[in-house]
>>> print(open('structure.txt').read())   # compact mmCIF, C-alpha atoms and all ligand atoms
# COMPACT_ATOMS: atom_id res chain seq x y z
CA MET Q 261 2.72 24.53 -33.76
CA PHE Q 262 2.11 28.12 -32.73
CA ILE Q 263 -1.11 29.93 -33.36
CA LEU Q 264 -1.59 33.62 -33.72
CA GLY Q 265 -3.60 35.51 -31.11
CA GLY Q 266 -7.21 35.92 -32.08
CA SER Q 267 -7.67 32.39 -33.44
CA ASN Q 268 -10.41 30.15 -32.18
CA ILE Q 269 -9.78 26.95 -30.25
CA LEU Q 270 -11.89 23.84 -29.71
CA ALA Q 271 -13.03 23.42 -26.09
CA ALA Q 272 -15.45 21.26 -24.09
CA VAL Q 273 -17.56 23.57 -21.95
CA TRP Q 274 -19.92 22.61 -19.12
CA GLU Q 275 -23.12 24.48 -19.89
CA LYS Q 276 -26.66 24.05 -18.55
CA GLY Q 277 -26.07 20.55 -17.29
CA GLN Q 278 -24.16 19.18 -20.24
CA ILE Q 279 -20.81 19.10 -21.96
CA LYS Q 280 -20.75 21.02 -25.21
CA LEU Q 281 -17.99 21.26 -27.80
CA ILE Q 282 -17.58 24.87 -28.85
CA ASP Q 283 -15.14 27.18 -30.59
CA LYS Q 284 -13.87 29.90 -28.32
CA PRO Q 285 -11.19 32.56 -28.60
CA GLU Q 286 -7.64 31.55 -27.73
CA PRO Q 287 -6.99 32.62 -24.11
CA LEU Q 288 -4.95 35.80 -23.68
CA ILE Q 289 -2.23 35.55 -21.05
CA ASN Q 290 -1.16 38.19 -18.55
CA ASP Q 291 2.42 38.77 -17.39
CA ASP Q 292 2.29 35.98 -14.79
CA GLU Q 293 0.68 33.37 -17.00
CA ILE Q 294 1.72 30.83 -19.61
CA LEU Q 295 -0.27 29.47 -22.53
CA ILE Q 296 -0.20 25.69 -22.84
CA LYS Q 297 -0.94 23.63 -25.94
CA VAL Q 298 -2.74 20.82 -24.11
CA LEU Q 299 -1.48 17.34 -25.04
CA ALA Q 300 -3.18 15.07 -22.49
CA SER Q 301 -6.06 15.73 -20.13
CA GLY Q 302 -7.52 13.09 -17.80
CA ILE Q 303 -11.20 12.68 -16.96
CA CYS Q 304 -11.30 12.54 -13.17
CA GLY Q 305 -13.93 10.71 -11.11
CA THR Q 306 -15.12 14.11 -9.85
CA ASP Q 307 -15.69 15.21 -13.49
CA LEU Q 308 -17.69 12.02 -14.08
CA HIS Q 309 -19.90 12.75 -11.04
CA ILE Q 310 -20.68 16.15 -12.57
CA PHE Q 311 -21.24 14.78 -16.07
CA ALA Q 312 -23.63 12.19 -14.63
CA GLY Q 313 -25.60 15.00 -12.97
CA ARG Q 314 -24.49 14.11 -9.43
CA GLY Q 315 -23.17 17.40 -8.13
CA TYR Q 316 -22.99 21.06 -8.96
CA ALA Q 317 -20.50 22.62 -11.37
CA LYS Q 318 -20.05 26.20 -12.44
CA ASP Q 319 -21.64 27.02 -15.79
CA ASN Q 320 -19.67 28.03 -18.84
CA ILE Q 321 -16.35 26.63 -17.67
CA VAL Q 322 -14.00 24.44 -19.69
CA ARG Q 323 -13.50 21.47 -17.34
CA GLY Q 324 -10.39 19.29 -17.05
CA HIS Q 325 -8.00 19.67 -14.10
CA GLU Q 326 -5.51 16.85 -14.69
CA PHE Q 327 -3.50 17.88 -17.71
CA ALA Q 328 -0.11 18.41 -19.29
CA GLY Q 329 1.11 20.03 -22.47
CA ARG Q 330 3.65 22.17 -24.28
CA VAL Q 331 4.25 25.82 -23.35
CA VAL Q 332 3.69 28.06 -26.38
CA LYS Q 333 3.68 31.51 -24.78
CA VAL Q 334 5.07 32.97 -21.57
CA GLY Q 335 4.21 36.23 -19.82
CA LYS Q 336 7.05 38.61 -19.05
CA ASN Q 337 7.14 37.91 -15.28
CA VAL Q 338 7.39 34.15 -15.74
CA LEU Q 339 10.37 32.48 -14.07
CA GLY Q 340 11.89 29.07 -14.81
CA ILE Q 341 9.61 28.15 -17.71
CA LYS Q 342 10.19 28.86 -21.38
CA GLU Q 343 8.41 28.32 -24.68
CA GLY Q 344 8.73 24.71 -25.79
CA ASP Q 345 8.83 23.24 -22.26
CA LEU Q 346 6.54 20.35 -21.36
CA VAL Q 347 4.62 21.05 -18.16
CA ALA Q 348 2.11 19.33 -15.88
CA VAL Q 349 -0.43 21.50 -14.09
CA ASP Q 350 -1.41 21.69 -10.43
CA PRO Q 351 -4.98 22.99 -10.75
CA ASN Q 352 -5.38 24.24 -7.18
CA ILE Q 353 -4.75 27.96 -6.79
CA THR Q 354 -4.43 29.22 -3.24
CA CYS Q 355 -4.59 32.80 -1.92
CA GLY Q 356 -1.48 32.80 0.25
CA HIS Q 357 -2.93 35.13 2.89
CA CYS Q 358 -5.82 33.37 4.65
CA TYR Q 359 -5.60 31.63 8.05
CA PHE Q 360 -4.94 28.25 6.45
CA CYS Q 361 -2.43 29.38 3.81
CA ARG Q 362 -0.40 31.11 6.50
CA ARG Q 363 -0.26 27.90 8.53
CA GLY Q 364 0.95 25.89 5.52
CA GLU Q 365 -2.40 24.11 5.11
CA ILE Q 366 -2.82 25.56 1.66
CA HIS Q 367 -5.31 22.94 0.43
CA LEU Q 368 -7.79 24.19 3.03
CA CYS Q 369 -7.42 27.76 1.68
CA GLU Q 370 -10.57 29.81 2.28
CA ASN Q 371 -10.24 31.23 -1.23
CA LEU Q 372 -9.23 28.05 -3.05
CA ARG Q 373 -10.00 28.09 -6.77
CA ALA Q 374 -9.21 25.38 -9.24
CA ILE Q 375 -8.36 25.36 -12.93
CA GLY Q 376 -10.97 23.26 -14.72
CA VAL Q 377 -13.47 23.84 -11.91
CA ASP Q 378 -13.70 27.60 -11.29
CA MET Q 379 -11.85 28.74 -14.42
CA ASP Q 380 -11.16 27.26 -17.84
CA GLY Q 381 -9.20 24.01 -17.77
CA GLY Q 382 -7.66 21.29 -19.89
CA PHE Q 383 -10.47 19.94 -22.09
CA ALA Q 384 -9.41 22.45 -24.74
CA GLU Q 385 -6.69 22.76 -27.34
CA TYR Q 386 -5.07 25.58 -25.38
CA CYS Q 387 -5.27 26.61 -21.75
CA LYS Q 388 -3.67 29.46 -19.82
CA VAL Q 389 -2.44 28.99 -16.26
CA PRO Q 390 -0.48 31.06 -13.72
CA TYR Q 391 3.11 29.90 -14.18
CA LYS Q 392 3.39 28.92 -10.50
CA GLN Q 393 0.88 26.13 -11.21
CA ALA Q 394 3.13 24.53 -13.85
CA TYR Q 395 5.70 21.80 -13.23
CA PRO Q 396 8.19 21.22 -16.08
CA PHE Q 397 9.14 17.66 -17.05
CA SER Q 398 11.05 16.05 -19.88
CA GLU Q 399 11.61 12.31 -19.59
CA ILE Q 400 8.01 11.13 -19.68
CA SER Q 401 5.03 11.30 -22.02
CA PRO Q 402 2.35 14.00 -21.71
CA ILE Q 403 -0.10 11.28 -20.59
CA GLU Q 404 2.21 10.35 -17.74
CA GLY Q 405 2.65 14.05 -16.98
CA ALA Q 406 -1.12 14.46 -16.79
CA MET Q 407 -1.12 11.85 -14.00
CA MET Q 408 0.94 14.13 -11.72
CA GLU Q 409 -2.17 15.63 -10.13
CA PRO Q 410 -3.95 12.38 -9.20
CA VAL Q 411 -0.69 10.82 -7.98
CA ALA Q 412 -0.12 13.95 -5.86
CA CYS Q 413 -3.59 13.48 -4.29
CA ALA Q 414 -2.80 9.85 -3.49
CA LEU Q 415 0.56 10.85 -2.02
CA HIS Q 416 -1.14 13.33 0.32
CA GLY Q 417 -3.62 10.67 1.46
CA ILE Q 418 -0.93 8.06 2.07
CA GLU Q 419 1.19 10.52 4.03
CA ARG Q 420 -1.76 11.62 6.14
CA ILE Q 421 -2.79 8.13 7.17
CA GLY Q 422 0.80 7.04 7.86
CA ILE Q 423 1.65 3.47 6.89
CA HIS Q 424 4.32 1.80 9.00
CA LEU Q 425 6.83 -0.80 7.84
CA GLY Q 426 5.17 -4.20 7.96
CA ASP Q 427 1.59 -2.92 8.05
CA THR Q 428 -1.25 -4.76 6.35
CA VAL Q 429 -3.25 -2.35 4.21
CA LEU Q 430 -6.72 -2.72 2.72
CA ILE Q 431 -7.68 -0.74 -0.36
CA VAL Q 432 -11.35 -0.75 -1.26
CA GLY Q 433 -11.72 0.19 -4.93
CA ALA Q 434 -9.14 -0.47 -7.66
CA GLY Q 435 -9.92 2.45 -9.93
CA ALA Q 436 -7.01 4.57 -11.16
CA LEU Q 437 -6.54 6.11 -7.71
CA GLY Q 438 -6.91 2.81 -5.83
CA LEU Q 439 -4.19 1.32 -8.04
CA ILE Q 440 -1.90 4.29 -7.38
CA LEU Q 441 -2.60 4.01 -3.62
CA LEU Q 442 -1.72 0.32 -3.87
CA GLN Q 443 1.70 1.11 -5.32
CA LEU Q 444 2.36 3.89 -2.81
CA SER Q 445 1.38 1.61 0.11
CA TYR Q 446 4.21 -0.75 -0.78
CA PHE Q 447 6.62 2.17 -1.01
CA CYS Q 448 5.70 3.06 2.54
CA GLY Q 449 6.58 -0.43 3.67
CA ALA Q 450 3.26 -2.29 3.70
CA SER Q 451 3.99 -6.02 3.98
CA SER Q 452 0.76 -6.94 2.28
CA VAL Q 453 -2.04 -5.10 0.53
CA ILE Q 454 -5.54 -6.53 0.20
CA VAL Q 455 -7.62 -5.03 -2.61
CA VAL Q 456 -11.42 -5.24 -2.86
CA GLU Q 457 -12.82 -4.45 -6.30
CA ILE Q 458 -16.06 -5.28 -8.07
CA ASP Q 459 -14.72 -5.34 -11.66
CA GLU Q 460 -12.76 -8.41 -12.74
CA GLY Q 461 -10.51 -6.53 -15.18
CA LYS Q 462 -9.46 -4.09 -12.47
CA ARG Q 463 -8.84 -6.95 -10.03
CA GLU Q 464 -6.46 -8.42 -12.63
CA ILE Q 465 -4.51 -5.18 -12.87
CA ALA Q 466 -4.36 -4.90 -9.06
CA LYS Q 467 -2.78 -8.37 -9.08
CA GLU Q 468 -0.29 -7.34 -11.76
CA LEU Q 469 0.65 -4.32 -9.66
CA GLY Q 470 1.45 -6.55 -6.71
CA ALA Q 471 -1.68 -6.80 -4.56
CA SER Q 472 -1.27 -9.70 -2.11
CA TYR Q 473 -4.97 -10.61 -2.24
CA VAL Q 474 -7.71 -9.37 -4.53
CA LEU Q 475 -11.28 -9.95 -3.45
CA SER Q 476 -14.65 -9.20 -4.97
CA PRO Q 477 -17.12 -7.44 -2.67
CA SER Q 478 -19.33 -10.41 -1.80
CA GLU Q 479 -21.28 -10.61 1.46
CA GLU Q 480 -18.50 -12.53 3.18
CA VAL Q 481 -15.73 -10.17 2.16
CA ALA Q 482 -15.40 -8.62 5.63
CA SER Q 483 -14.95 -12.04 7.22
CA VAL Q 484 -12.45 -13.08 4.53
CA ILE Q 485 -10.39 -9.95 5.35
CA LYS Q 486 -10.50 -10.89 9.06
CA GLU Q 487 -9.36 -14.44 8.23
CA LEU Q 488 -6.44 -13.08 6.22
CA THR Q 489 -5.35 -11.02 9.22
CA ASN Q 490 -5.57 -13.63 12.03
CA GLY Q 491 -9.05 -12.52 12.99
CA ARG Q 492 -7.93 -8.98 13.84
CA GLY Q 493 -8.46 -6.84 10.75
CA VAL Q 494 -6.01 -4.70 8.78
CA ASP Q 495 -3.78 -2.00 10.26
CA VAL Q 496 -4.82 0.60 7.69
CA GLY Q 497 -7.96 0.70 5.53
CA ILE Q 498 -8.29 3.06 2.57
CA GLU Q 499 -11.67 3.73 0.99
CA ALA Q 500 -11.24 4.74 -2.66
CA VAL Q 501 -14.76 4.34 -4.05
CA GLY Q 502 -17.02 6.96 -2.46
CA LYS Q 503 -20.03 4.82 -1.47
CA LYS Q 504 -21.68 4.21 1.89
CA GLU Q 505 -21.25 0.44 1.73
CA THR Q 506 -17.56 0.64 0.90
CA VAL Q 507 -16.94 3.20 3.66
CA LEU Q 508 -18.64 0.87 6.16
CA LEU Q 509 -16.71 -2.14 4.83
CA THR Q 510 -13.44 -0.25 5.29
CA ILE Q 511 -14.33 0.75 8.87
CA ASP Q 512 -15.43 -2.81 9.71
CA SER Q 513 -12.22 -4.26 8.32
CA VAL Q 514 -9.61 -2.43 10.39
CA ARG Q 515 -8.26 -3.90 13.62
CA ARG Q 516 -8.64 -2.35 17.08
CA GLY Q 517 -6.43 0.73 17.05
CA GLY Q 518 -6.60 0.74 13.24
CA LYS Q 519 -6.77 3.69 10.90
CA VAL Q 520 -9.27 4.49 8.15
CA LEU Q 521 -8.66 6.91 5.30
CA ILE Q 522 -11.68 8.31 3.49
CA PHE Q 523 -10.15 9.00 0.08
CA GLY Q 524 -13.08 8.35 -2.30
CA VAL Q 525 -15.47 11.22 -2.98
CA SER Q 526 -18.96 10.32 -1.71
CA PRO Q 527 -22.10 12.22 -2.68
CA LYS Q 528 -22.48 15.26 -0.38
CA ASP Q 529 -25.73 14.09 1.21
CA ASP Q 530 -24.69 10.53 2.01
CA LEU Q 531 -24.85 9.57 5.68
CA ILE Q 532 -23.58 6.42 7.37
CA ASN Q 533 -24.56 4.71 10.62
CA ILE Q 534 -21.60 4.32 12.87
CA SER Q 535 -21.51 3.58 16.57
CA PRO Q 536 -19.55 6.07 18.71
CA PHE Q 537 -18.97 3.20 21.15
CA ASP Q 538 -17.28 1.30 18.34
CA ILE Q 539 -14.96 4.21 17.58
CA TYR Q 540 -14.20 4.54 21.30
CA TYR Q 541 -13.77 0.87 22.13
CA ARG Q 542 -11.86 -0.06 18.99
CA GLU Q 543 -9.88 3.19 19.30
CA LEU Q 544 -10.31 3.96 15.62
CA THR Q 545 -8.76 6.82 13.72
CA ILE Q 546 -10.97 7.94 10.81
CA MET Q 547 -9.40 10.53 8.58
CA GLY Q 548 -10.15 12.43 5.38
CA SER Q 549 -7.79 13.50 2.63
CA PHE Q 550 -8.39 16.44 0.32
CA VAL Q 551 -6.36 17.28 -2.81
CA ASN Q 552 -2.61 17.64 -2.92
CA PRO Q 553 -0.76 20.23 -0.83
CA PHE Q 554 3.00 20.29 -1.55
CA THR Q 555 2.97 16.82 -3.13
CA ASN Q 556 3.00 17.66 -6.86
CA SER Q 557 6.74 17.90 -7.42
CA ARG Q 558 7.36 14.65 -5.54
CA ALA Q 559 4.55 12.92 -7.45
CA LEU Q 560 6.13 14.02 -10.73
CA ARG Q 561 9.50 12.76 -9.49
CA LEU Q 562 8.07 9.31 -8.71
CA ILE Q 563 6.56 9.13 -12.20
CA GLU Q 564 9.69 10.44 -13.95
CA ASP Q 565 11.93 8.00 -12.09
CA GLY Q 566 9.67 5.11 -13.05
CA LYS Q 567 8.93 4.31 -9.40
CA ILE Q 568 5.23 4.37 -9.96
CA ASN Q 569 3.47 2.84 -12.94
CA VAL Q 570 0.86 5.26 -14.23
CA SER Q 571 0.63 3.83 -17.76
CA LYS Q 572 -1.20 0.78 -16.41
CA VAL Q 573 -3.91 2.94 -14.87
CA VAL Q 574 -4.72 4.77 -18.11
CA SER Q 575 -7.14 2.53 -19.99
CA HIS Q 576 -8.51 4.68 -22.85
CA LYS Q 577 -7.56 7.62 -25.06
CA PHE Q 578 -9.93 9.78 -27.12
CA PRO Q 579 -9.53 12.97 -29.12
CA LEU Q 580 -11.41 16.01 -27.76
CA SER Q 581 -13.96 15.71 -30.57
CA GLU Q 582 -15.04 12.39 -29.01
CA ILE Q 583 -15.35 13.61 -25.43
CA HIS Q 584 -18.95 12.40 -25.17
CA LYS Q 585 -17.84 8.87 -26.00
CA ALA Q 586 -14.95 9.26 -23.55
CA ILE Q 587 -17.38 10.23 -20.78
CA GLU Q 588 -19.59 7.25 -21.58
CA VAL Q 589 -16.60 4.92 -21.26
CA GLY Q 590 -15.61 6.68 -18.02
CA LEU Q 591 -19.09 6.15 -16.58
CA SER Q 592 -19.18 2.46 -17.59
CA GLY Q 593 -17.31 1.42 -14.43
CA LYS Q 594 -15.07 -0.76 -16.59
CA SER Q 595 -12.43 1.85 -17.39
CA LEU Q 596 -9.52 3.23 -15.39
CA ARG Q 597 -8.28 6.74 -16.23
CA VAL Q 598 -9.74 7.92 -19.56
CA MET Q 599 -7.53 10.49 -21.30
CA ILE Q 600 -8.36 13.14 -23.84
CA THR Q 601 -5.29 13.40 -26.03
CA PHE Q 602 -4.27 15.97 -28.66
CA GLU Q 603 -1.88 15.84 -31.55
CA GLU Q 604 1.10 18.11 -31.23
ZN ZN Q 701 -9.08 14.93 -10.16
ZN ZN Q 702 -5.68 30.93 1.41
>>> encode(input="structure.txt", output="structure tokens", more="lines below")
Ligand SMILES: [Zn+2]
Ligand SMILES: [Zn+2]
Amino acid sequence: MFILGGSNILAAVWEKGQIKLIDKPEPLINDDEILIKVLASGICGTDLHIFAGRGYAKDNIVRGHEFAGRVVKVGKNVLGIKEGDLVAVDPNITCGHCYFCRRGEIHLCENLRAIGVDMDGGFAEYCKVPYKQAYPFSEISPIEGAMMEPVACALHGIERIGIHLGDTVLIVGAGALGLILLQLSYFCGASSVIVVEIDEGKREIAKELGASYVLSPSEEVASVIKELTNGRGVDVGIEAVGKKETVLLTIDSVRRGGKVLIFGVSPKDDLINISPFDIYYRELTIMGSFVNPFTNSRALRLIEDGKINVSKVVSHKFPLSEIHKAIEVGLSGKSLRVMITFEE
């Protein structure tokens, strides 16, 4: 369905510490932009932090940075995308001329801005984006398309930490991203993946997706992990929760010479106690991973080719009019990815 310019659209705006449903004018595109009829838009863990009041977000912005939809208008400079195409969106817009962009480390761009964070995003019926942010797809559903961005983040993390054939990997946290990291770990040749997760339903899904062992985070969990790895600890530990205790558990659980990936987003002010001697003596590598430089098209490819199961990590769908309910479900700790979906 096409709408005429000047119509109003329904959008969920972050305003004065809460999400509000409002009518706003349909976005006007410039020559380098496309207008997308949003069809699926995921609620990310970072959105949930904001909605729960844990973290700052710009006022008066339509949030939603993991989305896909149908192109309904294209600017006259747009290349390779036409009206009617289905596209997934990479929300991260880089400047191309700072120190980092010119070294190819575009995700560290000094002028990084993101759709759904710094400018209007996908919790709206329509959203405009620069065409270079859009990745066309055809064989998959819009919900699967909307998972391109989180899969691309997981892909970047996995490639940074470097899993070798035969490695034992620990993943702490089986949320949507933990479950994607689990699948990618096997692709990279992990011989076994141990998953630690507090929620029983999520542990079940981790099992279905091939986890070798699923453990609940009891007091003995660190010693159980050691037992499963001949007393040594895992080769690679990935933290996908964003809490002090789970970061410490991940560090404790890797072997001497092991590697730790901090993938989960912790609150900014959190601090952990860690012994420099321990890092030295155990020769640890502790690494961070931030967003998704140059991994979007490959992430989409993995989803399109059915190599990675994203349907299993989407647990709920709500229309935009029920976004408050959707957020509640997202904050319950029982859900995986919660999607806002739209009729075409
Ligand atoms: Zn996200
Ligand atoms: Zn830059």
>>> closest_residue(input="structure.txt", among="Q:Gly435, Q:Pro579, Q:Gly470, Q:Pro553", to="ligand ZN 702 (chain Q)", atoms="only C-alpha atoms and all ligand atoms")
Q:Pro553
>>> residues_near_ligand(input="structure.txt", ligand="ligand ZN 701 (chain Q)", cutoff="9 Å", atoms="only C-alpha atoms and all ligand atoms", output="VMD selection string")
chain Q and resid 302 to 307 324 to 326 409 to 410 413 551
>>> residues_around(input="structure.txt", residues="region 334-339 of chain Q", least_positions_apart="2", cutoff="9 Å", atoms="all atoms listed in the file", output="list in words")
Ile289, Asn290, Asp291, Asp292, Glu293, Ile294, Leu295, Val331, Val332, Ile341, Lys342, Glu343, Pro390, Tyr391 and Lys392 of chain Q
>>> write_last_selection(input="structure.txt", atoms="C-alpha atoms", output="mmCIF file, keeping the file's coordinate frame")
data_model
loop_
_atom_site.group_PDB
_atom_site.id
_atom_site.type_symbol
_atom_site.label_atom_id
_atom_site.label_comp_id
_atom_site.auth_asym_id
_atom_site.auth_seq_id
_atom_site.Cartn_x
_atom_site.Cartn_y
_atom_site.Cartn_z
ATOM 1 C CA ILE Q 289 -2.230 35.550 -21.050
ATOM 2 C CA ASN Q 290 -1.160 38.190 -18.550
ATOM 3 C CA ASP Q 291 2.420 38.770 -17.390
ATOM 4 C CA ASP Q 292 2.290 35.980 -14.790
ATOM 5 C CA GLU Q 293 0.680 33.370 -17.000
ATOM 6 C CA ILE Q 294 1.720 30.830 -19.610
ATOM 7 C CA LEU Q 295 -0.270 29.470 -22.530
ATOM 8 C CA VAL Q 331 4.250 25.820 -23.350
ATOM 9 C CA VAL Q 332 3.690 28.060 -26.380
ATOM 10 C CA ILE Q 341 9.610 28.150 -17.710
ATOM 11 C CA LYS Q 342 10.190 28.860 -21.380
ATOM 12 C CA GLU Q 343 8.410 28.320 -24.680
ATOM 13 C CA PRO Q 390 -0.480 31.060 -13.720
ATOM 14 C CA TYR Q 391 3.110 29.900 -14.180
ATOM 15 C CA LYS Q 392 3.390 28.920 -10.500
#
>>> closest_atom_pairs(input="structure.txt", of="chain Q", to="ligand ZN 702 (chain Q)", cutoff="6 Å", atoms="only C-alpha atoms and all ligand atoms", output="CSV")
residue,atom,partner,partner_atom,distance
Q:Thr354,CA,Q:ZN702,ZN,5.1
Q:Cys355,CA,Q:ZN702,ZN,4.0
Q:Gly356,CA,Q:ZN702,ZN,4.7
Q:His357,CA,Q:ZN702,ZN,5.2
Q:Cys358,CA,Q:ZN702,ZN,4.1
Q:Phe360,CA,Q:ZN702,ZN,5.8
Q:Cys361,CA,Q:ZN702,ZN,4.3
Q:Cys369,CA,Q:ZN702,ZN,3.6
Q:Glu370,CA,Q:ZN702,ZN,5.1
Q:Asn371,CA,Q:ZN702,ZN,5.3
>>> atom_distance(input="structure.txt", atom1="CA of Ile465 (chain Q)", atom2="CA of Val411 (chain Q)")
17.2 Å
>>> closest_residue(input="structure.txt", among="Q:Arg362, Q:Val349, Q:Ile485, Q:Glu582", to="Leu560 (chain Q)", atoms="all atoms listed in the file")
Q:Val349
>>> atom_distance(input="structure.txt", atom1="CA of Glu457 (chain Q)", atom2="CA of Gln443 (chain Q)")
15.6 Å
>>> residues_around(input="structure.txt", residues="Thr545 (chain Q)", least_positions_apart="2", cutoff="12 Å", atoms="only C-alpha atoms", output="ChimeraX atom specification")
/Q:420-422,495-498,510-511,514-522,536,538-543,547-548
>>> atom_distance(input="structure.txt", atom1="CA of Leu544 (chain Q)", atom2="CA of Ala466 (chain Q)")
26.9 Å
>>> closest_residue(input="structure.txt", among="Q:Leu346, Q:Ile583, Q:Ala384, Q:Ala482", to="Ile321 (chain Q)", atoms="only C-alpha atoms")
Q:Ala384
>>> closest_residue(input="structure.txt", among="Q:Asn552, Q:Asp283, Q:Ser452, Q:Met379", to="Glu419 (chain Q)", atoms="all atoms listed in the file")
Q:Asn552
>>> residues_near_point(input="structure.txt", point="(-24.7, 17.7, -14.7)", cutoff="12 Å", atoms="only C-alpha atoms", output="MDAnalysis selection string")
chainID Q and resid 273:280 306:319
>>> residues_near_point(input="structure.txt", point="(-12.7, 13.1, -0.6)", cutoff="7 Å", atoms="all atoms listed in the file", output="ChimeraX atom specification")
/Q:522-526,548-550
>>> write_last_selection(input="structure.txt", atoms="C-alpha atoms", output="compact mmCIF listing (two decimals), keeping the file's coordinate frame")
# COMPACT_ATOMS: atom_id res chain seq x y z
CA ILE Q 522 -11.68 8.31 3.49
CA PHE Q 523 -10.15 9.00 0.08
CA GLY Q 524 -13.08 8.35 -2.30
CA VAL Q 525 -15.47 11.22 -2.98
CA SER Q 526 -18.96 10.32 -1.71
CA GLY Q 548 -10.15 12.43 5.38
CA SER Q 549 -7.79 13.50 2.63
CA PHE Q 550 -8.39 16.44 0.32
>>> closest_residue(input="structure.txt", among="Q:Asn320, Q:Ser483, Q:Ser571, Q:Ser581", to="Ser401 (chain Q)", atoms="all atoms listed in the file")
Q:Ser571
>>> decode(input="structure.txt", residues="region 288-324 of chain Q", atoms="C-alpha atoms", output="CSV table (one decimal), in the first residue's frame")
chain,number,residue,atom,x,y,z
Q,288,LEU,CA,10.1,13.1,3.5
Q,289,ILE,CA,13.1,11.6,1.7
Q,290,ASN,CA,16.0,13.3,0.1
Q,291,ASP,CA,17.7,12.2,-3.1
Q,292,ASP,CA,19.9,9.6,-1.3
Q,293,GLU,CA,17.2,8.1,0.9
Q,294,ILE,CA,14.5,5.5,0.6
Q,295,LEU,CA,11.2,5.3,2.4
Q,296,ILE,CA,10.5,1.9,4.0
Q,297,LYS,CA,7.1,0.6,5.0
Q,298,VAL,CA,8.3,-1.2,8.2
Q,299,LEU,CA,7.1,-4.8,8.4
Q,300,ALA,CA,9.1,-6.1,11.4
Q,301,SER,CA,11.1,-4.3,14.1
Q,302,GLY,CA,12.9,-6.1,16.9
Q,303,ILE,CA,13.2,-4.8,20.5
Q,304,CYS,CA,16.9,-5.0,21.3
Q,305,GLY,CA,18.3,-5.5,24.8
Q,306,THR,CA,19.7,-2.0,24.6
Q,307,ASP,CA,16.2,-0.6,23.9
Q,308,LEU,CA,15.0,-2.5,27.0
Q,309,HIS,CA,17.7,-1.0,29.2
Q,310,ILE,CA,16.5,2.4,28.1
Q,311,PHE,CA,12.8,1.6,28.5
Q,312,ALA,CA,13.6,0.4,32.0
Q,313,GLY,CA,15.3,3.7,32.8
Q,314,ARG,CA,18.8,2.3,32.9
Q,315,GLY,CA,20.7,4.5,30.5
Q,316,TYR,CA,20.3,7.7,28.6
Q,317,ALA,CA,18.5,8.1,25.3
Q,318,LYS,CA,17.9,11.1,23.1
Q,319,ASP,CA,14.5,12.7,23.5
Q,320,ASN,CA,11.9,12.8,20.8
Q,321,ILE,CA,13.3,10.0,18.7
Q,322,VAL,CA,11.4,7.0,17.2
Q,323,ARG,CA,13.5,4.1,18.5
Q,324,GLY,CA,13.9,0.7,16.8
